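*Asks:* For reference, this is model19.pdb, and it has PDB, C-alpha atoms.
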```pdb
ATOM      1  CA  ILE A  20      -2.178  -8.855  -0.134  1.00  0.00           C
ATOM      2  CA  SER A  21      -4.241  -9.188  -3.263  1.00  0.00           C
ATOM      3  CA  CYS A  22      -7.576  -7.575  -2.604  1.00  0.00           C
ATOM      4  CA  GLY A  23     -10.314  -5.920  -4.603  1.00  0.00           C
ATOM      5  CA  GLN A  24     -10.469  -2.143  -4.318  1.00  0.00           C
ATOM      6  CA  VAL A  25     -13.607  -1.159  -6.168  1.00  0.00           C
ATOM      7  CA  SER A  26     -15.422   0.107  -3.067  1.00  0.00           C
ATOM      8  CA  GLU A  27     -14.394   1.795   0.164  1.00  0.00           C
ATOM      9  CA  LYS A  28     -15.505  -1.350   2.032  1.00  0.00           C
ATOM     10  CA  GLU A  29     -13.056  -3.456   0.001  1.00  0.00           C
ATOM     11  CA  LYS A  30     -10.209  -1.006   0.671  1.00  0.00           C
ATOM     12  CA  GLN A  31     -11.049  -0.977   4.385  1.00  0.00           C
ATOM     13  CA  ILE A  32     -10.932  -4.769   4.517  1.00  0.00           C
ATOM     14  CA  GLY A  33      -7.568  -4.792   2.703  1.00  0.00           C
ATOM     15  CA  ASN A  34      -6.185  -2.190   5.101  1.00  0.00           C
ATOM     16  CA  ALA A  35      -7.521  -4.115   8.127  1.00  0.00           C
ATOM     17  CA  VAL A  36      -5.690  -7.242   6.924  1.00  0.00           C
ATOM     18  CA  CYS A  37      -2.525  -5.140   6.470  1.00  0.00           C
ATOM     19  CA  ASP A  38      -2.882  -3.767   9.989  1.00  0.00           C
ATOM     20  CA  TYR A  39      -3.374  -7.260  11.409  1.00  0.00           C
ATOM     21  CA  LEU A  40      -0.269  -8.625   9.654  1.00  0.00           C
ATOM     22  CA  ARG A  41       1.774  -5.528  10.517  1.00  0.00           C
ATOM     23  CA  GLY A  42       0.793  -6.090  14.166  1.00  0.00           C
ATOM     24  CA  ARG A  43       2.291  -9.591  13.908  1.00  0.00           C
ATOM     25  CA  GLY A  44       5.616  -8.182  12.686  1.00  0.00           C
ATOM     26  CA  PHE A  45       5.143  -8.661   8.943  1.00  0.00           C
ATOM     27  CA  GLU A  46       5.690  -6.012   6.269  1.00  0.00           C
ATOM     28  CA  PRO A  47       2.596  -6.449   4.097  1.00  0.00           C
ATOM     29  CA  TYR A  48       2.183  -4.909   0.664  1.00  0.00           C
ATOM     30  CA  PHE A  49      -1.283  -3.760  -0.398  1.00  0.00           C
ATOM     31  CA  ALA A  50      -1.280  -2.234  -3.877  1.00  0.00           C
ATOM     32  CA  GLU A  51      -3.596   0.721  -3.598  1.00  0.00           C
ATOM     33  CA  ARG A  52      -3.755   3.038  -6.588  1.00  0.00           C
ATOM     34  CA  VAL A  53      -1.744   0.828  -8.956  1.00  0.00           C
ATOM     35  CA  HIS A  54      -3.515   1.237 -12.284  1.00  0.00           C
ATOM     36  CA  SER A  55      -0.971   1.201 -15.098  1.00  0.00           C
ATOM     37  CA  PRO A  56       1.135  -1.489 -16.784  1.00  0.00           C
ATOM     38  CA  GLU A  57       4.320   0.198 -15.543  1.00  0.00           C
ATOM     39  CA  ALA A  58       3.062   0.295 -11.967  1.00  0.00           C
ATOM     40  CA  LEU A  59       1.995  -3.320 -12.285  1.00  0.00           C
ATOM     41  CA  THR A  60       5.448  -4.538 -13.294  1.00  0.00           C
ATOM     42  CA  GLU A  61       7.373  -2.146 -11.049  1.00  0.00           C
ATOM     43  CA  HIS A  62       5.308  -2.780  -7.947  1.00  0.00           C
ATOM     44  CA  ILE A  63       3.012  -5.777  -7.837  1.00  0.00           C
ATOM     45  CA  PHE A  64       5.181  -8.243  -9.771  1.00  0.00           C
ATOM     46  CA  SER A  65       8.331  -7.338  -7.851  1.00  0.00           C
ATOM     47  CA  TYR A  66       6.550  -7.513  -4.491  1.00  0.00           C
ATOM     48  CA  LEU A  67       5.087 -10.906  -5.379  1.00  0.00           C
ATOM     49  CA  LYS A  68       8.498 -12.151  -6.499  1.00  0.00           C
ATOM     50  CA  ASN A  69       9.983 -11.228  -3.107  1.00  0.00           C
ATOM     51  CA  SER A  70       7.078 -12.352  -0.934  1.00  0.00           C
ATOM     52  CA  GLU A  71       7.190 -15.089   1.650  1.00  0.00           C
ATOM     53  CA  TYR A  72       3.413 -15.454   1.889  1.00  0.00           C
ATOM     54  CA  PHE A  73       0.371 -14.474  -0.124  1.00  0.00           C
ATOM     55  CA  VAL A  74      -3.128 -13.497   1.037  1.00  0.00           C
ATOM     56  CA  PHE A  75      -5.909 -12.952  -1.453  1.00  0.00           C
ATOM     57  CA  ILE A  76      -9.368 -11.565  -0.830  1.00  0.00           C
ATOM     58  CA  ASP A  77     -11.793 -12.005  -3.691  1.00  0.00           C
ATOM     59  CA  PHE A  78     -14.977  -9.919  -3.850  1.00  0.00           C
ATOM     60  CA  LYS A  79     -18.088 -10.328  -5.991  1.00  0.00           C
ATOM     61  CA  ARG A  80     -17.865  -8.663  -9.390  1.00  0.00           C
ATOM     62  CA  GLY A  81     -20.851  -9.681 -11.500  1.00  0.00           C
ATOM     63  CA  ARG A  82     -23.724 -12.108 -11.805  1.00  0.00           C
ATOM     64  CA  ILE A  83     -23.243 -15.251 -13.845  1.00  0.00           C
ATOM     65  CA  PRO A  84     -26.300 -16.150 -15.940  1.00  0.00           C
ATOM     66  CA  LYS A  85     -27.933 -19.488 -15.024  1.00  0.00           C
ATOM     67  CA  SER A  86     -25.714 -19.991 -11.960  1.00  0.00           C
ATOM     68  CA  LYS A  87     -28.296 -19.888  -9.139  1.00  0.00           C
ATOM     69  CA  GLY A  88     -27.112 -16.641  -7.552  1.00  0.00           C
ATOM     70  CA  LYS A  89     -23.376 -17.226  -7.954  1.00  0.00           C
ATOM     71  CA  GLN A  90     -21.184 -14.300  -8.956  1.00  0.00           C
ATOM     72  CA  ARG A  91     -17.799 -13.863 -10.562  1.00  0.00           C
ATOM     73  CA  GLY A  92     -14.779 -12.827  -8.558  1.00  0.00           C
ATOM     74  CA  SER A  93     -12.129 -10.282  -9.465  1.00  0.00           C
ATOM     75  CA  LEU A  94     -10.186 -10.967 -12.650  1.00  0.00           C
ATOM     76  CA  PHE A  95      -7.256  -8.983 -11.272  1.00  0.00           C
ATOM     77  CA  VAL A  96      -7.139 -11.045  -8.042  1.00  0.00           C
ATOM     78  CA  ASN A  97      -7.250 -14.225 -10.151  1.00  0.00           C
ATOM     79  CA  GLN A  98      -4.246 -12.988 -12.143  1.00  0.00           C
ATOM     80  CA  GLU A  99      -2.274 -12.358  -8.955  1.00  0.00           C
ATOM     81  CA  ILE A 100      -3.266 -15.804  -7.644  1.00  0.00           C
ATOM     82  CA  ALA A 101      -1.891 -17.308 -10.873  1.00  0.00           C
ATOM     83  CA  ILE A 102       1.419 -15.475 -10.448  1.00  0.00           C
ATOM     84  CA  ALA A 103       1.698 -16.462  -6.770  1.00  0.00           C
ATOM     85  CA  THR A 104       0.922 -20.068  -7.712  1.00  0.00           C
ATOM     86  CA  PHE A 105       3.609 -20.032 -10.411  1.00  0.00           C
ATOM     87  CA  LEU A 106       6.105 -18.610  -7.881  1.00  0.00           C
ATOM     88  CA  LYS A 107       5.054 -21.299  -5.351  1.00  0.00           C
ATOM     89  CA  ILE A 108       4.277 -18.738  -2.647  1.00  0.00           C
ATOM     90  CA  PRO A 109       2.346 -20.334   0.213  1.00  0.00           C
ATOM     91  CA  GLY A 110      -0.753 -18.464   1.148  1.00  0.00           C
ATOM     92  CA  LEU A 111      -4.290 -18.168   2.312  1.00  0.00           C
ATOM     93  CA  GLY A 112      -7.368 -17.075   0.433  1.00  0.00           C
ATOM     94  CA  PHE A 113     -10.783 -15.627   1.122  1.00  0.00           C
ATOM     95  CA  CYS A 114     -13.757 -15.424  -1.226  1.00  0.00           C
ATOM     96  CA  GLU A 115     -16.825 -13.396  -0.498  1.00  0.00           C
ATOM     97  CA  ARG A 116     -19.786 -15.754  -0.066  1.00  0.00           C
ATOM     98  CA  ASN A 117     -21.454 -16.915  -3.308  1.00  0.00           C
ATOM     99  CA  ILE A 118     -18.421 -16.454  -5.566  1.00  0.00           C
ATOM    100  CA  LYS A 119     -18.151 -19.224  -8.120  1.00  0.00           C
ATOM    101  CA  ARG A 120     -14.758 -20.932  -8.211  1.00  0.00           C
ATOM    102  CA  GLU A 121     -13.551 -20.547 -11.786  1.00  0.00           C
ATOM    103  CA  GLY A 122     -10.348 -19.728 -13.609  1.00  0.00           C
ATOM    104  CA  ILE A 123      -7.231 -20.294 -11.502  1.00  0.00           C
ATOM    105  CA  LEU A 124      -9.360 -20.866  -8.397  1.00  0.00           C
ATOM    106  CA  ASN A 125     -10.426 -24.209  -9.904  1.00  0.00           C
ATOM    107  CA  TYR A 126      -6.816 -25.352  -9.902  1.00  0.00           C
ATOM    108  CA  GLN A 127      -5.374 -23.483  -6.932  1.00  0.00           C
ATOM    109  CA  ILE A 128      -4.353 -25.734  -4.062  1.00  0.00           C
ATOM    110  CA  ILE A 129      -5.199 -23.022  -1.522  1.00  0.00           C
ATOM    111  CA  ASN A 130      -8.678 -23.550  -0.162  1.00  0.00           C
ATOM    112  CA  ALA A 131     -10.323 -20.155  -0.103  1.00  0.00           C
ATOM    113  CA  PHE A 132     -12.426 -19.552   2.971  1.00  0.00           C
ATOM    114  CA  PRO A 133     -15.826 -17.950   2.431  1.00  0.00           C
ATOM    115  CA  PHE A 134     -16.414 -14.709   4.321  1.00  0.00           C
ATOM    116  CA  ALA A 135     -19.056 -12.079   4.917  1.00  0.00           C
ATOM    117  CA  SER A 136     -17.139  -9.713   7.213  1.00  0.00           C
ATOM    118  CA  VAL A 137     -13.634  -8.497   7.984  1.00  0.00           C
ATOM    119  CA  GLU A 138     -13.925 -10.087  11.437  1.00  0.00           C
ATOM    120  CA  GLU A 139     -14.239 -13.524   9.821  1.00  0.00           C
ATOM    121  CA  ILE A 140     -11.105 -12.872   7.767  1.00  0.00           C
ATOM    122  CA  ILE A 141      -9.037 -11.716  10.748  1.00  0.00           C
ATOM    123  CA  ARG A 142     -10.222 -14.660  12.878  1.00  0.00           C
ATOM    124  CA  LYS A 143      -9.285 -17.150  10.152  1.00  0.00           C
ATOM    125  CA  LEU A 144      -5.917 -15.444   9.567  1.00  0.00           C
ATOM    126  CA  SER A 145      -5.223 -15.787  13.277  1.00  0.00           C
ATOM    127  CA  GLU A 146      -6.111 -19.493  13.200  1.00  0.00           C
ATOM    128  CA  GLU A 147      -4.315 -20.411   9.991  1.00  0.00           C
ATOM    129  CA  THR A 148      -1.107 -18.346   9.942  1.00  0.00           C
ATOM    130  CA  GLY A 149       0.402 -19.197  13.334  1.00  0.00           C
ATOM    131  CA  GLY A 150       3.285 -20.994  11.619  1.00  0.00           C
ATOM    132  CA  TRP A 151       4.169 -18.079   9.347  1.00  0.00           C
ATOM    133  CA  ASP A 152       7.617 -16.716  10.215  1.00  0.00           C
ATOM    134  CA  ASN A 153       7.797 -12.928  10.218  1.00  0.00           C
ATOM    135  CA  MET A 154      11.606 -13.050  10.232  1.00  0.00           C
ATOM    136  CA  SER A 155      11.900 -15.093   7.055  1.00  0.00           C
ATOM    137  CA  VAL A 156      13.045 -13.314   3.917  1.00  0.00           C
ATOM    138  CA  ASN A 157      12.649 -14.723   0.429  1.00  0.00           C
ATOM    139  CA  GLU A 158      16.266 -14.187  -0.526  1.00  0.00           C
ATOM    140  CA  LEU A 159      19.593 -15.877  -0.085  1.00  0.00           C
ATOM    141  CA  THR A 160      22.723 -13.966   0.832  1.00  0.00           C
ATOM    142  CA  LEU A 161      26.159 -15.268  -0.093  1.00  0.00           C
ATOM    143  CA  THR A 162      29.207 -14.087   1.834  1.00  0.00           C
ATOM    144  CA  HIS A 163      32.833 -14.986   1.372  1.00  0.00           C
ATOM    145  CA  ASN A 164      35.729 -14.524   3.765  1.00  0.00           C
ATOM    146  CA  PRO A 165      39.058 -15.007   1.915  1.00  0.00           C
ATOM    147  CA  GLU A 166      40.697 -16.019   5.217  1.00  0.00           C
ATOM    148  CA  HIS A 167      38.671 -19.223   5.128  1.00  0.00           C
ATOM    149  CA  ASN A 168      39.933 -20.358   1.714  1.00  0.00           C
ATOM    150  CA  SER A 169      41.993 -23.534   1.454  1.00  0.00           C
ATOM    151  CA  LYS A 170      44.954 -23.079  -0.904  1.00  0.00           C
ATOM    152  CA  ASN A 171      46.833 -25.844  -2.687  1.00  0.00           C
ATOM    153  CA  TYR A 172      44.537 -28.511  -1.323  1.00  0.00           C
ATOM    154  CA  THR A 173      45.182 -32.152  -2.228  1.00  0.00           C
ATOM    155  CA  ILE A 174      42.237 -34.480  -2.557  1.00  0.00           C
ATOM    156  CA  GLN A 175      43.231 -37.513  -0.488  1.00  0.00           C
ATOM    157  CA  ASP A 176      41.531 -40.013  -2.770  1.00  0.00           C
ATOM    158  CA  HIS A 177      43.442 -38.618  -5.778  1.00  0.00           C
ATOM    159  CA  PRO A 178      46.918 -37.487  -4.652  1.00  0.00           C
ATOM    160  CA  GLN A 179      48.210 -37.498  -8.258  1.00  0.00           C
ATOM    161  CA  LYS A 180      45.665 -34.833  -9.355  1.00  0.00           C
ATOM    162  CA  ALA A 181      46.588 -31.145  -9.486  1.00  0.00           C
ATOM    163  CA  LEU A 182      46.265 -29.122  -6.317  1.00  0.00           C
ATOM    164  CA  GLY A 183      43.087 -27.092  -5.920  1.00  0.00           C
ATOM    165  CA  ASP A 184      41.792 -24.089  -4.039  1.00  0.00           C
ATOM    166  CA  TRP A 185      38.602 -24.349  -1.988  1.00  0.00           C
ATOM    167  CA  TRP A 186      36.448 -21.300  -1.341  1.00  0.00           C
ATOM    168  CA  HIS A 187      34.028 -21.460   1.550  1.00  0.00           C
ATOM    169  CA  ILE A 188      30.809 -19.584   0.868  1.00  0.00           C
ATOM    170  CA  LYS A 189      28.314 -18.916   3.651  1.00  0.00           C
ATOM    171  CA  VAL A 190      24.670 -19.019   2.511  1.00  0.00           C
ATOM    172  CA  THR A 191      22.017 -17.398   4.715  1.00  0.00           C
ATOM    173  CA  ASN A 192      18.341 -16.581   4.377  1.00  0.00           C
TER     174      ASN A 192
END
```
Rewrite the structure from the file as structure tokens, please.
*Replies:*
Amino acid sequence: ISCGQVSEKEKQIGNAVCDYLRGRGFEPYFAERVHSPEALTEHIFSYLKNSEYFVFIDFKRGRIPKSKGKQRGSLFVNQEIAIATFLKIPGLGFCERNIKREGILNYQIINAFPFASVEEIIRKLSEETGGWDNMSVNELTLTHNPEHNSKNYTIQDHPQKALGDWWHIKVTN
């Protein structure tokens, strides 16, 4: 969950989204108190790399001159959106009302839903994430049982070729 954390309200919304997803059987990651380059690479990047889904919540950060009341969103959230986009992680986004779409949000396929309250976010998560599988893991496991190898196998189409060994590898997610 990529979510602003400047105010207590923002942290509460991020934690409410975590609680909602946890209640659905997911193991969400919400990076509270990550404020150094080392923490960024050790935590956020590795969690993004291993994520099945991505939720971002963008809050207002500053007024944009001559933009009729529009405000900028979080630079940090935009950076995480860019990484999630590069990693092709499916997701869902929320932008506080009156945030101007700029930066990666201009190119992001995810349509960010406008919100004014945590209840709107939870309701939309409930509507939009029904197909998300809480048992899916973004990793493949390879196992090999030597008893299932085929030794000295002849390819029928090429009987004159040298004999070969076939190893059977089971791939699971």
*Asks:* I would like the residues chosen by the PyMOL selection byres ((chain A and resi 112) around 9) on the shown file; could you give them as a VMD selection string?
*Replies:* chain A and resid 73 to 77 110 to 111 113 to 114 129 to 133
*Asks:* Now that the selection is made, can you save its residues with C-alpha atoms as a PDB file, in the frame of the given file?
*Replies:*
```
ATOM      1  CA  PHE A  73       0.371 -14.474  -0.124  1.00  0.00           C
ATOM      2  CA  VAL A  74      -3.128 -13.497   1.037  1.00  0.00           C
ATOM      3  CA  PHE A  75      -5.909 -12.952  -1.453  1.00  0.00           C
ATOM      4  CA  ILE A  76      -9.368 -11.565  -0.830  1.00  0.00           C
ATOM      5  CA  ASP A  77     -11.793 -12.005  -3.691  1.00  0.00           C
ATOM      6  CA  GLY A 110      -0.753 -18.464   1.148  1.00  0.00           C
ATOM      7  CA  LEU A 111      -4.290 -18.168   2.312  1.00  0.00           C
ATOM      8  CA  PHE A 113     -10.783 -15.627   1.122  1.00  0.00           C
ATOM      9  CA  CYS A 114     -13.757 -15.424  -1.226  1.00  0.00           C
ATOM     10  CA  ILE A 129      -5.199 -23.022  -1.522  1.00  0.00           C
ATOM     11  CA  ASN A 130      -8.678 -23.550  -0.162  1.00  0.00           C
ATOM     12  CA  ALA A 131     -10.323 -20.155  -0.103  1.00  0.00           C
ATOM     13  CA  PHE A 132     -12.426 -19.552   2.971  1.00  0.00           C
ATOM     14  CA  PRO A 133     -15.826 -17.950   2.431  1.00  0.00           C
TER      15      PRO A 133
END
```
*Asks:* With the PyMOL selection byres ((chain A and resi 80-92) around 9) as the selection, what would be picked from this file? Answer as a PyMOL selection string, please.
*Replies:* chain A and resi 77-79+93-97+114-121
*Asks:* To one decimal in Å, tell me the separation between CA of Ser155 (chain A) and CA of Ile32 (chain A).
*Replies:*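 Atom-to-atom, CA of Ser155 (chain A) to CA of Ile32 (chain A), that is 25.2 Å.
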*Asks:* Let me know the residues the PyMOL selection byres ((chain A and resi 182) around 9) catches in the file above, as JSON, numbers by chain.
*Replies:* {"A": [170, 171, 172, 173, 174, 178, 179, 180, 181, 183, 184]}
*Asks:* Which residues come within 9 Å of Trp151 (chain A), counting all atoms listed in the file, excluding same-chain residues fewer than 4 positions away, as a list in words?
*Replies:*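 Counting only the stated atoms, we get Glu71, Tyr72, Glu147 and Ser155 of chain A.
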*Asks:* Can you write out the residues you just picked, keeping C-alpha atoms, as a compact mmCIF listing (two decimals), keeping the file's coordinate frame?
*Replies:*
```txt
# COMPACT_ATOMS: atom_id res chain seq x y z
CA GLU A 71 7.19 -15.09 1.65
CA TYR A 72 3.41 -15.45 1.89
CA GLU A 147 -4.32 -20.41 9.99
CA SER A 155 11.90 -15.09 7.06
```
*Asks:* Just give me the gap between CA of Leu144 (chain A) and CA of Leu159 (chain A) in Å, one decimal is fine.
*Replies:* 27.3 Å
*Asks:* Using all atoms listed in the file, which residues sit within 12 Å of Glu166 (chain A) once same-chain residues fewer than 6 positions away are excluded, as a list in words?
*Replies:*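 Close residues of Glu166 (chain A): Trp185, Trp186, His187 and Ile188 of chain A.
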*Asks:* Which residues are near Ala50 (chain A)? Cut-off 10 Å, all atoms listed in the file, ignore same chain within fewer than 5 positions. Put them as a compact mmCIF listing (two decimals) with C-alpha atoms, in the frame of the given file.
*Replies:*
```
# COMPACT_ATOMS: atom_id res chain seq x y z
CA ILE A 20 -2.18 -8.86 -0.13
CA SER A 21 -4.24 -9.19 -3.26
CA CYS A 22 -7.58 -7.58 -2.60
CA GLY A 23 -10.31 -5.92 -4.60
CA GLN A 24 -10.47 -2.14 -4.32
CA GLY A 33 -7.57 -4.79 2.70
CA ALA A 58 3.06 0.30 -11.97
CA LEU A 59 2.00 -3.32 -12.28
CA HIS A 62 5.31 -2.78 -7.95
CA ILE A 63 3.01 -5.78 -7.84
CA TYR A 66 6.55 -7.51 -4.49
```
*Asks:* How many Å separate CA of Val156 (chain A) from CA of Ile140 (chain A)?
*Replies:*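 Computing the Euclidean distance for CA of Val156 (chain A) and CA of Ile140 (chain A) yields 24.5 Å.
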*Asks:* Considering all atoms listed in the file, state which residue in the set A:Thr60, A:Pro109, A:Val190, A:Val36 is at the smallest distance from Thr160 (chain A).
*Replies:*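 Among the listed residues, A:Val190 lies closest to Thr160 (chain A).
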*Asks:* Considering only C-alpha atoms, state which residue in the set A:Asn125, A:Thr104, A:Ser26, A:Ser70 is at the smallest distance from Pro47 (chain A).
*Replies:*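 Smallest separation from Pro47 (chain A) among the options: A:Ser70.
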*Asks:* For a quick check of understanding, using all atoms listed in the file, which of A:Glu146, A:Val25, A:Ile102, A:Lys189 has the smallest distance to His167 (chain A)?
*Replies:*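 Of A:Glu146, A:Val25, A:Ile102, A:Lys189, the one nearest His167 (chain A), counting all atoms listed in the file, is A:Lys189.
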*Asks:* Could region 74-84 of chain A be completed with all heavy atoms and written as a PDB file, in the coordinates of the input, please?
*Replies:*
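In the end it all went to part-v3.pdb:
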```pdb
ATOM      1  N   VAL A  74      -1.740 -13.492   0.584  1.00  0.00           N
ATOM      2  CA  VAL A  74      -3.128 -13.497   1.037  1.00  0.00           C
ATOM      3  C   VAL A  74      -3.955 -12.870  -0.067  1.00  0.00           C
ATOM      4  O   VAL A  74      -3.621 -11.782  -0.545  1.00  0.00           O
ATOM      5  CB  VAL A  74      -3.311 -12.690   2.347  1.00  0.00           C
ATOM      6  CG1 VAL A  74      -4.784 -12.593   2.728  1.00  0.00           C
ATOM      7  CG2 VAL A  74      -2.504 -13.309   3.481  1.00  0.00           C
ATOM      8  N   PHE A  75      -5.023 -13.570  -0.482  1.00  0.00           N
ATOM      9  CA  PHE A  75      -5.909 -12.952  -1.453  1.00  0.00           C
ATOM     10  C   PHE A  75      -7.313 -12.869  -0.881  1.00  0.00           C
ATOM     11  O   PHE A  75      -7.737 -13.728  -0.100  1.00  0.00           O
ATOM     12  CB  PHE A  75      -5.889 -13.664  -2.809  1.00  0.00           C
ATOM     13  CG  PHE A  75      -6.554 -15.008  -2.856  1.00  0.00           C
ATOM     14  CD1 PHE A  75      -7.931 -15.117  -3.078  1.00  0.00           C
ATOM     15  CD2 PHE A  75      -5.816 -16.156  -2.714  1.00  0.00           C
ATOM     16  CE1 PHE A  75      -8.545 -16.356  -3.137  1.00  0.00           C
ATOM     17  CE2 PHE A  75      -6.416 -17.402  -2.777  1.00  0.00           C
ATOM     18  CZ  PHE A  75      -7.792 -17.501  -2.978  1.00  0.00           C
ATOM     19  N   ILE A  76      -7.996 -11.799  -1.251  1.00  0.00           N
ATOM     20  CA  ILE A  76      -9.368 -11.565  -0.830  1.00  0.00           C
ATOM     21  C   ILE A  76     -10.154 -11.237  -2.091  1.00  0.00           C
ATOM     22  O   ILE A  76      -9.916 -10.208  -2.728  1.00  0.00           O
ATOM     23  CB  ILE A  76      -9.456 -10.408   0.181  1.00  0.00           C
ATOM     24  CG1 ILE A  76      -8.508 -10.669   1.355  1.00  0.00           C
ATOM     25  CG2 ILE A  76     -10.898 -10.247   0.660  1.00  0.00           C
ATOM     26  CD1 ILE A  76      -8.257  -9.457   2.228  1.00  0.00           C
ATOM     27  N   ASP A  77     -11.053 -12.137  -2.442  1.00  0.00           N
ATOM     28  CA  ASP A  77     -11.793 -12.005  -3.691  1.00  0.00           C
ATOM     29  C   ASP A  77     -13.224 -11.552  -3.387  1.00  0.00           C
ATOM     30  O   ASP A  77     -13.920 -12.170  -2.578  1.00  0.00           O
ATOM     31  CB  ASP A  77     -11.793 -13.353  -4.417  1.00  0.00           C
ATOM     32  CG  ASP A  77     -12.036 -13.225  -5.906  1.00  0.00           C
ATOM     33  OD1 ASP A  77     -12.121 -12.092  -6.410  1.00  0.00           O
ATOM     34  OD2 ASP A  77     -12.140 -14.276  -6.566  1.00  0.00           O
ATOM     35  N   PHE A  78     -13.636 -10.478  -4.043  1.00  0.00           N
ATOM     36  CA  PHE A  78     -14.977  -9.919  -3.850  1.00  0.00           C
ATOM     37  C   PHE A  78     -15.835 -10.184  -5.084  1.00  0.00           C
ATOM     38  O   PHE A  78     -15.327 -10.364  -6.182  1.00  0.00           O
ATOM     39  CB  PHE A  78     -14.891  -8.406  -3.617  1.00  0.00           C
ATOM     40  CG  PHE A  78     -14.230  -8.040  -2.323  1.00  0.00           C
ATOM     41  CD1 PHE A  78     -12.898  -7.658  -2.300  1.00  0.00           C
ATOM     42  CD2 PHE A  78     -14.938  -8.065  -1.134  1.00  0.00           C
ATOM     43  CE1 PHE A  78     -12.281  -7.301  -1.110  1.00  0.00           C
ATOM     44  CE2 PHE A  78     -14.336  -7.716   0.056  1.00  0.00           C
ATOM     45  CZ  PHE A  78     -13.003  -7.343   0.066  1.00  0.00           C
ATOM     46  N   LYS A  79     -17.135 -10.137  -4.892  1.00  0.00           N
ATOM     47  CA  LYS A  79     -18.088 -10.328  -5.991  1.00  0.00           C
ATOM     48  C   LYS A  79     -17.915  -9.224  -7.028  1.00  0.00           C
ATOM     49  O   LYS A  79     -17.735  -8.066  -6.689  1.00  0.00           O
ATOM     50  CB  LYS A  79     -19.519 -10.287  -5.461  1.00  0.00           C
ATOM     51  CG  LYS A  79     -19.852 -11.393  -4.499  1.00  0.00           C
ATOM     52  CD  LYS A  79     -21.241 -11.183  -3.936  1.00  0.00           C
ATOM     53  CE  LYS A  79     -21.499 -12.152  -2.799  1.00  0.00           C
ATOM     54  NZ  LYS A  79     -22.744 -11.827  -2.089  1.00  0.00           N
ATOM     55  N   ARG A  80     -18.015  -9.633  -8.307  1.00  0.00           N
ATOM     56  CA  ARG A  80     -17.865  -8.663  -9.390  1.00  0.00           C
ATOM     57  C   ARG A  80     -19.055  -8.615 -10.341  1.00  0.00           C
ATOM     58  O   ARG A  80     -19.325  -7.604 -10.922  1.00  0.00           O
ATOM     59  CB  ARG A  80     -16.588  -8.937 -10.181  1.00  0.00           C
ATOM     60  CG  ARG A  80     -15.347  -8.555  -9.436  1.00  0.00           C
ATOM     61  CD  ARG A  80     -15.322  -7.045  -9.226  1.00  0.00           C
ATOM     62  NE  ARG A  80     -14.205  -6.641  -8.423  1.00  0.00           N
ATOM     63  CZ  ARG A  80     -14.259  -6.259  -7.160  1.00  0.00           C
ATOM     64  NH1 ARG A  80     -15.411  -6.245  -6.524  1.00  0.00           N
ATOM     65  NH2 ARG A  80     -13.197  -5.890  -6.511  1.00  0.00           N
ATOM     66  N   GLY A  81     -19.731  -9.702 -10.566  1.00  0.00           N
ATOM     67  CA  GLY A  81     -20.851  -9.681 -11.500  1.00  0.00           C
ATOM     68  C   GLY A  81     -21.601 -10.990 -11.494  1.00  0.00           C
ATOM     69  O   GLY A  81     -21.023 -12.045 -11.254  1.00  0.00           O
ATOM     70  N   ARG A  82     -22.878 -10.904 -11.772  1.00  0.00           N
ATOM     71  CA  ARG A  82     -23.724 -12.108 -11.805  1.00  0.00           C
ATOM     72  C   ARG A  82     -23.354 -12.982 -12.999  1.00  0.00           C
ATOM     73  O   ARG A  82     -22.990 -12.499 -14.054  1.00  0.00           O
ATOM     74  CB  ARG A  82     -25.189 -11.716 -11.889  1.00  0.00           C
ATOM     75  CG  ARG A  82     -25.652 -10.971 -10.660  1.00  0.00           C
ATOM     76  CD  ARG A  82     -27.068 -11.385 -10.293  1.00  0.00           C
ATOM     77  NE  ARG A  82     -27.502 -10.711  -9.091  1.00  0.00           N
ATOM     78  CZ  ARG A  82     -27.318 -11.199  -7.866  1.00  0.00           C
ATOM     79  NH1 ARG A  82     -26.702 -12.330  -7.694  1.00  0.00           N
ATOM     80  NH2 ARG A  82     -27.750 -10.537  -6.816  1.00  0.00           N
ATOM     81  N   ILE A  83     -23.474 -14.281 -12.786  1.00  0.00           N
ATOM     82  CA  ILE A  83     -23.243 -15.251 -13.845  1.00  0.00           C
ATOM     83  C   ILE A  83     -24.610 -15.796 -14.251  1.00  0.00           C
ATOM     84  O   ILE A  83     -25.318 -16.352 -13.402  1.00  0.00           O
ATOM     85  CB  ILE A  83     -22.336 -16.401 -13.360  1.00  0.00           C
ATOM     86  CG1 ILE A  83     -21.002 -15.848 -12.846  1.00  0.00           C
ATOM     87  CG2 ILE A  83     -22.122 -17.419 -14.474  1.00  0.00           C
ATOM     88  CD1 ILE A  83     -20.137 -16.883 -12.157  1.00  0.00           C
ATOM     89  N   PRO A  84     -24.991 -15.638 -15.510  1.00  0.00           N
ATOM     90  CA  PRO A  84     -26.300 -16.150 -15.940  1.00  0.00           C
ATOM     91  C   PRO A  84     -26.433 -17.650 -15.672  1.00  0.00           C
ATOM     92  O   PRO A  84     -25.471 -18.405 -15.821  1.00  0.00           O
ATOM     93  CB  PRO A  84     -26.329 -15.864 -17.438  1.00  0.00           C
ATOM     94  CG  PRO A  84     -25.301 -14.798 -17.648  1.00  0.00           C
ATOM     95  CD  PRO A  84     -24.263 -14.994 -16.579  1.00  0.00           C
TER      96      PRO A  84
END
```
